[in-house]
$ cat start-v5.tsv   # TSV, N, CA, C and O atoms
chain	number	residue	atom	x	y	z
L	1	MET	N	-8.70	-7.43	-7.84
L	1	MET	CA	-8.30	-7.81	-6.49
L	1	MET	C	-9.09	-7.00	-5.48
L	1	MET	O	-9.30	-5.81	-5.65
L	2	ASN	N	-9.50	-7.65	-4.42
L	2	ASN	CA	-10.23	-6.98	-3.35
L	2	ASN	C	-9.24	-6.53	-2.27
L	2	ASN	O	-8.99	-7.25	-1.31
L	3	TYR	N	-8.68	-5.36	-2.45
L	3	TYR	CA	-7.67	-4.86	-1.52
L	3	TYR	C	-8.26	-4.50	-0.15
L	3	TYR	O	-7.52	-4.38	0.83
L	4	GLN	N	-9.56	-4.34	-0.05
L	4	GLN	CA	-10.20	-3.93	1.21
L	4	GLN	C	-9.93	-4.93	2.33
L	4	GLN	O	-9.97	-4.56	3.51
L	5	ASP	N	-9.67	-6.17	1.99
L	5	ASP	CA	-9.37	-7.17	3.02
L	5	ASP	C	-7.94	-7.06	3.52
L	5	ASP	O	-7.59	-7.64	4.54
L	6	ILE	N	-7.09	-6.33	2.81
L	6	ILE	CA	-5.67	-6.24	3.16
L	6	ILE	C	-5.29	-4.84	3.62
L	6	ILE	O	-4.55	-4.68	4.60
L	7	ILE	N	-5.76	-3.82	2.93
L	7	ILE	CA	-5.41	-2.44	3.27
L	7	ILE	C	-6.36	-1.94	4.35
L	7	ILE	O	-7.57	-1.96	4.18
L	8	THR	N	-5.79	-1.51	5.46
L	8	THR	CA	-6.59	-1.03	6.59
L	8	THR	C	-6.24	0.41	6.91
L	8	THR	O	-5.11	0.86	6.67
L	9	ILE	N	-7.21	1.13	7.44
L	9	ILE	CA	-6.99	2.51	7.86
L	9	ILE	C	-7.50	2.64	9.29
L	9	ILE	O	-8.69	2.43	9.54
L	10	GLU	N	-6.58	2.94	10.20
L	10	GLU	CA	-6.92	3.10	11.61
L	10	GLU	C	-6.44	4.47	12.05
L	10	GLU	O	-5.26	4.78	11.91
L	11	PRO	N	-7.33	5.31	12.58
L	11	PRO	CA	-6.96	6.68	12.95
L	11	PRO	C	-5.73	6.77	13.87
L	11	PRO	O	-4.93	7.67	13.72
L	12	GLY	N	-5.56	5.84	14.77
L	12	GLY	CA	-4.46	5.91	15.72
L	12	GLY	C	-3.17	5.26	15.26
L	12	GLY	O	-2.18	5.24	15.98
L	13	LYS	N	-3.15	4.72	14.05
L	13	LYS	CA	-1.97	4.03	13.56
L	13	LYS	C	-1.40	4.76	12.36
L	13	LYS	O	-2.10	5.01	11.38
L	14	ARG	N	-0.13	5.15	12.45
L	14	ARG	CA	0.57	5.86	11.37
L	14	ARG	C	-0.24	7.05	10.86
L	14	ARG	O	-0.36	7.28	9.66
L	15	SER	N	-0.85	7.77	11.79
L	15	SER	CA	-1.62	8.98	11.49
L	15	SER	C	-2.78	8.71	10.53
L	15	SER	O	-3.15	9.58	9.74
L	16	GLY	N	-3.32	7.52	10.57
L	16	GLY	CA	-4.47	7.20	9.73
L	16	GLY	C	-4.13	6.87	8.29
L	16	GLY	O	-5.03	6.77	7.46
L	17	LYS	N	-2.84	6.69	7.99
L	17	LYS	CA	-2.46	6.34	6.62
L	17	LYS	C	-2.84	4.89	6.33
L	17	LYS	O	-2.86	4.05	7.23
L	18	PRO	N	-3.14	4.57	5.07
L	18	PRO	CA	-3.47	3.20	4.72
L	18	PRO	C	-2.30	2.26	5.00
L	18	PRO	O	-1.17	2.51	4.54
L	19	CYS	N	-2.55	1.20	5.77
L	19	CYS	CA	-1.52	0.24	6.16
L	19	CYS	C	-1.87	-1.14	5.64
L	19	CYS	O	-3.00	-1.40	5.21
L	20	ILE	N	-0.92	-2.03	5.72
L	20	ILE	CA	-1.10	-3.40	5.28
L	20	ILE	C	-1.47	-4.28	6.47
L	20	ILE	O	-0.71	-4.37	7.43
L	21	ARG	N	-2.66	-4.88	6.40
L	21	ARG	CA	-3.17	-5.83	7.40
L	21	ARG	C	-2.98	-5.36	8.84
L	21	ARG	O	-2.65	-6.14	9.72
L	22	GLY	N	-3.18	-4.09	9.09
L	22	GLY	CA	-3.11	-3.57	10.45
L	22	GLY	C	-1.70	-3.41	10.97
L	22	GLY	O	-1.50	-3.00	12.12
L	23	MET	N	-0.70	-3.71	10.15
L	23	MET	CA	0.70	-3.52	10.56
L	23	MET	C	1.05	-2.04	10.44
L	23	MET	O	0.23	-1.23	10.02
L	24	ARG	N	2.25	-1.72	10.77
L	24	ARG	CA	2.70	-0.33	10.69
L	24	ARG	C	3.39	-0.03	9.36
L	24	ARG	O	4.01	1.01	9.19
L	25	ILE	N	3.28	-0.93	8.41
L	25	ILE	CA	3.84	-0.73	7.07
L	25	ILE	C	2.74	-0.12	6.21
L	25	ILE	O	1.67	-0.71	6.04
L	26	THR	N	3.00	1.07	5.66
L	26	THR	CA	1.98	1.77	4.88
L	26	THR	C	2.10	1.47	3.39
L	26	THR	O	3.14	1.02	2.91
L	27	VAL	N	1.02	1.76	2.69
L	27	VAL	CA	1.02	1.68	1.23
L	27	VAL	C	2.11	2.60	0.69
L	27	VAL	O	2.87	2.23	-0.22
L	28	TYR	N	2.23	3.77	1.29
L	28	TYR	CA	3.26	4.73	0.87
L	28	TYR	C	4.65	4.13	1.02
L	28	TYR	O	5.51	4.31	0.14
L	29	ASP	N	4.90	3.43	2.12
L	29	ASP	CA	6.21	2.79	2.32
L	29	ASP	C	6.54	1.87	1.15
L	29	ASP	O	7.65	1.91	0.62
L	30	ILE	N	5.57	1.05	0.77
L	30	ILE	CA	5.80	0.10	-0.32
L	30	ILE	C	6.12	0.83	-1.62
L	30	ILE	O	7.05	0.47	-2.34
L	31	PHE	N	5.39	1.91	-1.90
L	31	PHE	CA	5.67	2.67	-3.11
L	31	PHE	C	7.03	3.36	-3.06
L	31	PHE	O	7.71	3.47	-4.08
L	32	GLU	N	7.43	3.80	-1.89
L	32	GLU	CA	8.77	4.39	-1.74
L	32	GLU	C	9.85	3.36	-2.05
L	32	GLU	O	10.83	3.67	-2.72
L	33	TYR	N	9.66	2.15	-1.56
L	33	TYR	CA	10.64	1.08	-1.84
L	33	TYR	C	10.69	0.76	-3.32
L	33	TYR	O	11.77	0.64	-3.91
L	34	LEU	N	9.52	0.63	-3.94
L	34	LEU	CA	9.48	0.34	-5.37
L	34	LEU	C	10.08	1.49	-6.19
L	34	LEU	O	10.86	1.26	-7.11
L	35	ALA	N	9.74	2.72	-5.83
L	35	ALA	CA	10.27	3.89	-6.55
L	35	ALA	C	11.78	4.01	-6.37
L	35	ALA	O	12.48	4.52	-7.25
L	36	GLY	N	12.27	3.54	-5.23
L	36	GLY	CA	13.71	3.57	-4.96
L	36	GLY	C	14.48	2.47	-5.66
L	36	GLY	O	15.70	2.40	-5.55
L	37	GLY	N	13.77	1.60	-6.36
L	37	GLY	CA	14.44	0.58	-7.15
L	37	GLY	C	14.38	-0.83	-6.58
L	37	GLY	O	14.91	-1.76	-7.18
L	38	MET	N	13.77	-0.99	-5.41
L	38	MET	CA	13.66	-2.34	-4.85
L	38	MET	C	12.68	-3.16	-5.68
L	38	MET	O	11.68	-2.64	-6.17
L	39	THR	N	12.98	-4.43	-5.82
L	39	THR	CA	12.06	-5.33	-6.50
L	39	THR	C	11.09	-5.91	-5.47
L	39	THR	O	11.32	-5.81	-4.26
L	40	GLU	N	10.02	-6.52	-5.95
L	40	GLU	CA	9.08	-7.16	-5.05
L	40	GLU	C	9.80	-8.22	-4.21
L	40	GLU	O	9.59	-8.32	-3.00
L	41	ALA	N	10.67	-8.98	-4.84
L	41	ALA	CA	11.42	-10.03	-4.13
L	41	ALA	C	12.28	-9.44	-3.02
L	41	ALA	O	12.37	-10.02	-1.92
L	42	GLU	N	12.91	-8.30	-3.28
L	42	GLU	CA	13.75	-7.66	-2.25
L	42	GLU	C	12.90	-7.16	-1.08
L	42	GLU	O	13.30	-7.29	0.08
L	43	ILE	N	11.75	-6.61	-1.38
L	43	ILE	CA	10.85	-6.14	-0.31
L	43	ILE	C	10.41	-7.32	0.55
L	43	ILE	O	10.45	-7.26	1.78
L	44	LEU	N	10.00	-8.40	-0.11
L	44	LEU	CA	9.55	-9.58	0.62
L	44	LEU	C	10.67	-10.20	1.44
L	44	LEU	O	10.44	-10.73	2.52
L	45	GLU	N	11.89	-10.11	0.94
L	45	GLU	CA	13.04	-10.63	1.68
L	45	GLU	C	13.32	-9.78	2.92
L	45	GLU	O	13.61	-10.30	3.99
L	46	ASP	N	13.19	-8.47	2.79
L	46	ASP	CA	13.46	-7.55	3.91
L	46	ASP	C	12.33	-7.54	4.94
L	46	ASP	O	12.56	-7.25	6.11
L	47	PHE	N	11.11	-7.80	4.50
L	47	PHE	CA	9.94	-7.77	5.39
L	47	PHE	C	9.23	-9.12	5.30
L	47	PHE	O	8.28	-9.28	4.54
L	48	SER	N	9.69	-10.06	6.09
L	48	SER	CA	9.18	-11.43	6.01
L	48	SER	C	7.69	-11.54	6.33
L	48	SER	O	7.03	-12.51	5.95
L	49	GLU	N	7.13	-10.52	7.01
L	49	GLU	CA	5.71	-10.55	7.35
L	49	GLU	C	4.82	-10.18	6.17
L	49	GLU	O	3.61	-10.38	6.22
L	50	LEU	N	5.41	-9.67	5.10
L	50	LEU	CA	4.64	-9.29	3.91
L	50	LEU	C	4.53	-10.45	2.94
L	50	LEU	O	5.38	-11.34	2.92
L	51	THR	N	3.49	-10.40	2.11
L	51	THR	CA	3.30	-11.39	1.06
L	51	THR	C	3.20	-10.68	-0.28
L	51	THR	O	3.00	-9.46	-0.34
L	52	SER	N	3.28	-11.46	-1.33
L	52	SER	CA	3.11	-10.91	-2.67
L	52	SER	C	1.72	-10.29	-2.81
L	52	SER	O	1.56	-9.26	-3.46
L	53	GLU	N	0.73	-10.92	-2.20
L	53	GLU	CA	-0.64	-10.39	-2.22
L	53	GLU	C	-0.72	-9.01	-1.57
L	53	GLU	O	-1.49	-8.17	-2.00
L	54	ASP	N	0.06	-8.78	-0.53
L	54	ASP	CA	0.08	-7.47	0.14
L	54	ASP	C	0.55	-6.39	-0.83
L	54	ASP	O	-0.03	-5.31	-0.90
L	55	ILE	N	1.59	-6.69	-1.58
L	55	ILE	CA	2.12	-5.70	-2.53
L	55	ILE	C	1.12	-5.48	-3.66
L	55	ILE	O	0.88	-4.33	-4.07
L	56	LYS	N	0.49	-6.53	-4.13
L	56	LYS	CA	-0.54	-6.38	-5.16
L	56	LYS	C	-1.72	-5.56	-4.63
L	56	LYS	O	-2.31	-4.76	-5.36
L	57	ALA	N	-2.05	-5.74	-3.36
L	57	ALA	CA	-3.14	-4.96	-2.76
L	57	ALA	C	-2.78	-3.48	-2.74
L	57	ALA	O	-3.65	-2.62	-2.95
L	58	CYS	N	-1.52	-3.16	-2.47
L	58	CYS	CA	-1.08	-1.75	-2.50
L	58	CYS	C	-1.26	-1.17	-3.89
L	58	CYS	O	-1.73	-0.04	-4.03
L	59	LEU	N	-0.90	-1.94	-4.90
L	59	LEU	CA	-1.05	-1.47	-6.28
L	59	LEU	C	-2.53	-1.30	-6.63
L	59	LEU	O	-2.91	-0.30	-7.24
L	60	ALA	N	-3.37	-2.24	-6.21
L	60	ALA	CA	-4.80	-2.14	-6.49
L	60	ALA	C	-5.41	-0.95	-5.76
L	60	ALA	O	-6.25	-0.23	-6.32
L	61	PHE	N	-4.98	-0.71	-4.52
L	61	PHE	CA	-5.48	0.43	-3.75
L	61	PHE	C	-5.13	1.74	-4.47
L	61	PHE	O	-5.98	2.61	-4.64
L	62	ALA	N	-3.88	1.86	-4.91
L	62	ALA	CA	-3.45	3.08	-5.60
L	62	ALA	C	-4.17	3.25	-6.93
L	62	ALA	O	-4.55	4.36	-7.30
L	63	ALA	N	-4.37	2.15	-7.65
L	63	ALA	CA	-5.08	2.23	-8.94
L	63	ALA	C	-6.52	2.69	-8.72
L	63	ALA	O	-7.03	3.53	-9.48
L	64	ASP	N	-7.15	2.16	-7.69
L	64	ASP	CA	-8.53	2.56	-7.39
L	64	ASP	C	-8.60	4.02	-6.99
L	64	ASP	O	-9.49	4.76	-7.42
L	65	ARG	N	-7.65	4.44	-6.19
L	65	ARG	CA	-7.60	5.85	-5.76
L	65	ARG	C	-7.39	6.77	-6.96
L	65	ARG	O	-8.00	7.83	-7.07
L	66	GLU	N	-6.51	6.36	-7.87
L	66	GLU	CA	-6.24	7.14	-9.07
L	66	GLU	C	-7.47	7.21	-9.96
L	66	GLU	O	-7.78	8.25	-10.54
L	67	ARG	N	-8.20	6.10	-10.06
L	67	ARG	CA	-9.39	6.05	-10.89
L	67	ARG	C	-10.43	7.04	-10.36
L	67	ARG	O	-11.18	7.64	-11.13
L	68	LYS	N	-10.49	7.22	-9.05
L	68	LYS	CA	-11.48	8.10	-8.43
L	68	LYS	C	-11.07	9.57	-8.48
L	68	LYS	O	-11.87	10.45	-8.21
L	69	LEU	N	-9.82	9.83	-8.79
L	69	LEU	CA	-9.30	11.19	-8.84
L	69	LEU	C	-9.88	11.92	-10.04
L	69	LEU	O	-10.01	11.35	-11.12
L	70	PHE	N	-10.25	13.16	-9.85
L	70	PHE	CA	-10.74	13.95	-10.98
L	70	PHE	C	-10.17	15.35	-10.87
L	70	PHE	O	-9.76	15.80	-9.81
L	71	VAL	N	-10.14	16.02	-11.97
L	71	VAL	CA	-9.63	17.38	-12.01
L	71	VAL	C	-10.82	18.32	-12.21
L	71	VAL	O	-11.58	18.18	-13.17
L	72	ALA	N	-10.96	19.26	-11.31
L	72	ALA	CA	-12.03	20.24	-11.44
L	72	ALA	C	-11.62	21.31	-12.43
L	72	ALA	O	-10.50	21.81	-12.38
L	73	SER	N	-12.49	21.63	-13.35
L	73	SER	CA	-12.15	22.67	-14.32
L	73	SER	C	-12.32	24.04	-13.68
L	73	SER	O	-13.16	24.23	-12.79
L	74	LEU	N	-11.50	24.94	-14.10
L	74	LEU	CA	-11.54	26.31	-13.54
L	74	LEU	C	-12.56	27.16	-14.21
L	74	LEU	O	-12.90	27.12	-15.28

$ encode --input "start-v5.tsv" --output "structure tokens"
Amino acid sequence: MNYQDIITIEPGKRSGKPCIRGMRITVYDIFEYLAGGMTEAEILEDFSELTSEDIKACLAFAADRERKLFVASL
């Protein structure tokens, strides 16, 4: 998935955190909802402006970020 079309980063919005389509909903917000036990359907019901693709983009963004993470040896 090409999350770059959905996940945006704007310095003046939410302190530059990655957001969904320029809205004020961050990738972190979505992960907090999922970690708190909300299902994708519940999130979409509570936030009618979001789509299933938006949530998948958050997952793809996090996976890509994790893939780029490395541990420096001491």

$ atom_distance --input "start-v5.tsv" --atom1 "CA of Lys68 in chain L" --atom2 "CA of Gln4 in chain L"
15.5 Å

$ select_by_dssp --input "start-v5.tsv" --residues "chain L" --states "strand (DSSP E)" --output "PyMOL selection string"
chain L and resi 7-8+19-20

$ closest_residue --input "start-v5.tsv" --among "L:Asp54, L:Ala35, L:Ser48, L:Ile30" --to "Ile6 in chain L" --atoms "all atoms listed in the file"
L:Asp54

$ closest_residue --input "start-v5.tsv" --among "L:Ala62, L:Cys19, L:Ile25, L:Asp5" --to "Phe47 in chain L" --atoms "only C-alpha atoms"
L:Ile25

$ axis_aligned_box --input "start-v5.tsv" --around "range 60-65 of chain L" --padding-each-side "3 Å" --output "lines of an AutoDock Vina configuration file"
center_x = -6.4
center_y = 2.8
center_z = -6.6
size_x = 12.1
size_y = 16.1
size_z = 11.7

$ atom_distance --input "start-v5.tsv" --atom1 "CA of Phe31 in chain L" --atom2 "atom C of Phe70 in chain L"
21.7 Å

$ residues_around --input "start-v5.tsv" --residues "Met23 in chain L" --least-positions-apart "5" --cutoff "10 Å" --atoms "only C-alpha atoms" --output "MDAnalysis selection string"
chainID L and resid 7:8 13:14 18 49:50

$ residues_around --input "start-v5.tsv" --residues "Ala60 in chain L" --least-positions-apart "5" --cutoff "8 Å" --atoms "only C-alpha atoms" --output "list in words"
Met1, Asn2 and Tyr3 of chain L

$ atom_distance --input "start-v5.tsv" --atom1 "atom C of Met38 in chain L" --atom2 "atom N of Gly22 in chain L"
21.7 Å

$ closest_residue --input "start-v5.tsv" --among "L:Tyr28, L:Ile20, L:Ile55, L:Leu69" --to "Glu40 in chain L" --atoms "only C-alpha atoms"
L:Ile55

$ select_by_dssp --input "start-v5.tsv" --residues "chain L" --states "alpha helix (DSSP H)" --output "PDB file with N, CA, C and O atoms, in the coordinates of the input"
ATOM      1  N   VAL L  27       1.020   1.760   2.690  1.00  0.00           N
ATOM      2  CA  VAL L  27       1.020   1.680   1.230  1.00  0.00           C
ATOM      3  C   VAL L  27       2.110   2.600   0.690  1.00  0.00           C
ATOM      4  O   VAL L  27       2.870   2.230  -0.220  1.00  0.00           O
ATOM      5  N   TYR L  28       2.230   3.770   1.290  1.00  0.00           N
ATOM      6  CA  TYR L  28       3.260   4.730   0.870  1.00  0.00           C
ATOM      7  C   TYR L  28       4.650   4.130   1.020  1.00  0.00           C
ATOM      8  O   TYR L  28       5.510   4.310   0.140  1.00  0.00           O
ATOM      9  N   ASP L  29       4.900   3.430   2.120  1.00  0.00           N
ATOM     10  CA  ASP L  29       6.210   2.790   2.320  1.00  0.00           C
ATOM     11  C   ASP L  29       6.540   1.870   1.150  1.00  0.00           C
ATOM     12  O   ASP L  29       7.650   1.910   0.620  1.00  0.00           O
ATOM     13  N   ILE L  30       5.570   1.050   0.770  1.00  0.00           N
ATOM     14  CA  ILE L  30       5.800   0.100  -0.320  1.00  0.00           C
ATOM     15  C   ILE L  30       6.120   0.830  -1.620  1.00  0.00           C
ATOM     16  O   ILE L  30       7.050   0.470  -2.340  1.00  0.00           O
ATOM     17  N   PHE L  31       5.390   1.910  -1.900  1.00  0.00           N
ATOM     18  CA  PHE L  31       5.670   2.670  -3.110  1.00  0.00           C
ATOM     19  C   PHE L  31       7.030   3.360  -3.060  1.00  0.00           C
ATOM     20  O   PHE L  31       7.710   3.470  -4.080  1.00  0.00           O
ATOM     21  N   GLU L  32       7.430   3.800  -1.890  1.00  0.00           N
ATOM     22  CA  GLU L  32       8.770   4.390  -1.740  1.00  0.00           C
ATOM     23  C   GLU L  32       9.850   3.360  -2.050  1.00  0.00           C
ATOM     24  O   GLU L  32      10.830   3.670  -2.720  1.00  0.00           O
ATOM     25  N   TYR L  33       9.660   2.150  -1.560  1.00  0.00           N
ATOM     26  CA  TYR L  33      10.640   1.080  -1.840  1.00  0.00           C
ATOM     27  C   TYR L  33      10.690   0.760  -3.320  1.00  0.00           C
ATOM     28  O   TYR L  33      11.770   0.640  -3.910  1.00  0.00           O
ATOM     29  N   LEU L  34       9.520   0.630  -3.940  1.00  0.00           N
ATOM     30  CA  LEU L  34       9.480   0.340  -5.370  1.00  0.00           C
ATOM     31  C   LEU L  34      10.080   1.490  -6.190  1.00  0.00           C
ATOM     32  O   LEU L  34      10.860   1.260  -7.110  1.00  0.00           O
ATOM     33  N   ALA L  35       9.740   2.720  -5.830  1.00  0.00           N
ATOM     34  CA  ALA L  35      10.270   3.890  -6.550  1.00  0.00           C
ATOM     35  C   ALA L  35      11.780   4.010  -6.370  1.00  0.00           C
ATOM     36  O   ALA L  35      12.480   4.520  -7.250  1.00  0.00           O
ATOM     37  N   GLU L  40      10.020  -6.520  -5.950  1.00  0.00           N
ATOM     38  CA  GLU L  40       9.080  -7.160  -5.050  1.00  0.00           C
ATOM     39  C   GLU L  40       9.800  -8.220  -4.210  1.00  0.00           C
ATOM     40  O   GLU L  40       9.590  -8.320  -3.000  1.00  0.00           O
ATOM     41  N   ALA L  41      10.670  -8.980  -4.840  1.00  0.00           N
ATOM     42  CA  ALA L  41      11.420 -10.030  -4.130  1.00  0.00           C
ATOM     43  C   ALA L  41      12.280  -9.440  -3.020  1.00  0.00           C
ATOM     44  O   ALA L  41      12.370 -10.020  -1.920  1.00  0.00           O
ATOM     45  N   GLU L  42      12.910  -8.300  -3.280  1.00  0.00           N
ATOM     46  CA  GLU L  42      13.750  -7.660  -2.250  1.00  0.00           C
ATOM     47  C   GLU L  42      12.900  -7.160  -1.080  1.00  0.00           C
ATOM     48  O   GLU L  42      13.300  -7.290   0.080  1.00  0.00           O
ATOM     49  N   ILE L  43      11.750  -6.610  -1.380  1.00  0.00           N
ATOM     50  CA  ILE L  43      10.850  -6.140  -0.310  1.00  0.00           C
ATOM     51  C   ILE L  43      10.410  -7.320   0.550  1.00  0.00           C
ATOM     52  O   ILE L  43      10.450  -7.260   1.780  1.00  0.00           O
ATOM     53  N   LEU L  44      10.000  -8.400  -0.110  1.00  0.00           N
ATOM     54  CA  LEU L  44       9.550  -9.580   0.620  1.00  0.00           C
ATOM     55  C   LEU L  44      10.670 -10.200   1.440  1.00  0.00           C
ATOM     56  O   LEU L  44      10.440 -10.730   2.520  1.00  0.00           O
ATOM     57  N   GLU L  45      11.890 -10.110   0.940  1.00  0.00           N
ATOM     58  CA  GLU L  45      13.040 -10.630   1.680  1.00  0.00           C
ATOM     59  C   GLU L  45      13.320  -9.780   2.920  1.00  0.00           C
ATOM     60  O   GLU L  45      13.610 -10.300   3.990  1.00  0.00           O
ATOM     61  N   ASP L  46      13.190  -8.470   2.790  1.00  0.00           N
ATOM     62  CA  ASP L  46      13.460  -7.550   3.910  1.00  0.00           C
ATOM     63  C   ASP L  46      12.330  -7.540   4.940  1.00  0.00           C
ATOM     64  O   ASP L  46      12.560  -7.250   6.110  1.00  0.00           O
ATOM     65  N   SER L  52       3.280 -11.460  -1.330  1.00  0.00           N
ATOM     66  CA  SER L  52       3.110 -10.910  -2.670  1.00  0.00           C
ATOM     67  C   SER L  52       1.720 -10.290  -2.810  1.00  0.00           C
ATOM     68  O   SER L  52       1.560  -9.260  -3.460  1.00  0.00           O
ATOM     69  N   GLU L  53       0.730 -10.920  -2.200  1.00  0.00           N
ATOM     70  CA  GLU L  53      -0.640 -10.390  -2.220  1.00  0.00           C
ATOM     71  C   GLU L  53      -0.720  -9.010  -1.570  1.00  0.00           C
ATOM     72  O   GLU L  53      -1.490  -8.170  -2.000  1.00  0.00           O
ATOM     73  N   ASP L  54       0.060  -8.780  -0.530  1.00  0.00           N
ATOM     74  CA  ASP L  54       0.080  -7.470   0.140  1.00  0.00           C
ATOM     75  C   ASP L  54       0.550  -6.390  -0.830  1.00  0.00           C
ATOM     76  O   ASP L  54      -0.030  -5.310  -0.900  1.00  0.00           O
ATOM     77  N   ILE L  55       1.590  -6.690  -1.580  1.00  0.00           N
ATOM     78  CA  ILE L  55       2.120  -5.700  -2.530  1.00  0.00           C
ATOM     79  C   ILE L  55       1.120  -5.480  -3.660  1.00  0.00           C
ATOM     80  O   ILE L  55       0.880  -4.330  -4.070  1.00  0.00           O
ATOM     81  N   LYS L  56       0.490  -6.530  -4.130  1.00  0.00           N
ATOM     82  CA  LYS L  56      -0.540  -6.380  -5.160  1.00  0.00           C
ATOM     83  C   LYS L  56      -1.720  -5.560  -4.630  1.00  0.00           C
ATOM     84  O   LYS L  56      -2.310  -4.760  -5.360  1.00  0.00           O
ATOM     85  N   ALA L  57      -2.050  -5.740  -3.360  1.00  0.00           N
ATOM     86  CA  ALA L  57      -3.140  -4.960  -2.760  1.00  0.00           C
ATOM     87  C   ALA L  57      -2.780  -3.480  -2.740  1.00  0.00           C
ATOM     88  O   ALA L  57      -3.650  -2.620  -2.950  1.00  0.00           O
ATOM     89  N   CYS L  58      -1.520  -3.160  -2.470  1.00  0.00           N
ATOM     90  CA  CYS L  58      -1.080  -1.750  -2.500  1.00  0.00           C
ATOM     91  C   CYS L  58      -1.260  -1.170  -3.890  1.00  0.00           C
ATOM     92  O   CYS L  58      -1.730  -0.040  -4.030  1.00  0.00           O
ATOM     93  N   LEU L  59      -0.900  -1.940  -4.900  1.00  0.00           N
ATOM     94  CA  LEU L  59      -1.050  -1.470  -6.280  1.00  0.00           C
ATOM     95  C   LEU L  59      -2.530  -1.300  -6.630  1.00  0.00           C
ATOM     96  O   LEU L  59      -2.910  -0.300  -7.240  1.00  0.00           O
ATOM     97  N   ALA L  60      -3.370  -2.240  -6.210  1.00  0.00           N
ATOM     98  CA  ALA L  60      -4.800  -2.140  -6.490  1.00  0.00           C
ATOM     99  C   ALA L  60      -5.410  -0.950  -5.760  1.00  0.00           C
ATOM    100  O   ALA L  60      -6.250  -0.230  -6.320  1.00  0.00           O
ATOM    101  N   PHE L  61      -4.980  -0.710  -4.520  1.00  0.00           N
ATOM    102  CA  PHE L  61      -5.480   0.430  -3.750  1.00  0.00           C
ATOM    103  C   PHE L  61      -5.130   1.740  -4.470  1.00  0.00           C
ATOM    104  O   PHE L  61      -5.980   2.610  -4.640  1.00  0.00           O
ATOM    105  N   ALA L  62      -3.880   1.860  -4.910  1.00  0.00           N
ATOM    106  CA  ALA L  62      -3.450   3.080  -5.600  1.00  0.00           C
ATOM    107  C   ALA L  62      -4.170   3.250  -6.930  1.00  0.00           C
ATOM    108  O   ALA L  62      -4.550   4.360  -7.300  1.00  0.00           O
ATOM    109  N   ALA L  63      -4.370   2.150  -7.650  1.00  0.00           N
ATOM    110  CA  ALA L  63      -5.080   2.230  -8.940  1.00  0.00           C
ATOM    111  C   ALA L  63      -6.520   2.690  -8.720  1.00  0.00           C
ATOM    112  O   ALA L  63      -7.030   3.530  -9.480  1.00  0.00           O
ATOM    113  N   ASP L  64      -7.150   2.160  -7.690  1.00  0.00           N
ATOM    114  CA  ASP L  64      -8.530   2.560  -7.390  1.00  0.00           C
ATOM    115  C   ASP L  64      -8.600   4.020  -6.990  1.00  0.00           C
ATOM    116  O   ASP L  64      -9.490   4.760  -7.420  1.00  0.00           O
ATOM    117  N   ARG L  65      -7.650   4.440  -6.190  1.00  0.00           N
ATOM    118  CA  ARG L  65      -7.600   5.850  -5.760  1.00  0.00           C
ATOM    119  C   ARG L  65      -7.390   6.770  -6.960  1.00  0.00           C
ATOM    120  O   ARG L  65      -8.000   7.830  -7.070  1.00  0.00           O
ATOM    121  N   GLU L  66      -6.510   6.360  -7.870  1.00  0.00           N
ATOM    122  CA  GLU L  66      -6.240   7.140  -9.070  1.00  0.00           C
ATOM    123  C   GLU L  66      -7.470   7.210  -9.960  1.00  0.00           C
ATOM    124  O   GLU L  66      -7.780   8.250 -10.540  1.00  0.00           O
ATOM    125  N   ARG L  67      -8.200   6.100 -10.060  1.00  0.00           N
ATOM    126  CA  ARG L  67      -9.390   6.050 -10.890  1.00  0.00           C
ATOM    127  C   ARG L  67     -10.430   7.040 -10.360  1.00  0.00           C
ATOM    128  O   ARG L  67     -11.180   7.640 -11.130  1.00  0.00           O
ATOM    129  N   LYS L  68     -10.490   7.220  -9.050  1.00  0.00           N
ATOM    130  CA  LYS L  68     -11.480   8.100  -8.430  1.00  0.00           C
ATOM    131  C   LYS L  68     -11.070   9.570  -8.480  1.00  0.00           C
ATOM    132  O   LYS L  68     -11.870  10.450  -8.210  1.00  0.00           O
TER     133      LYS L  68
END

$ closest_residue --input "start-v5.tsv" --among "L:Ala63, L:Lys17, L:Ser52, L:Val27" --to "Thr39 in chain L" --atoms "only C-alpha atoms"
L:Ser52
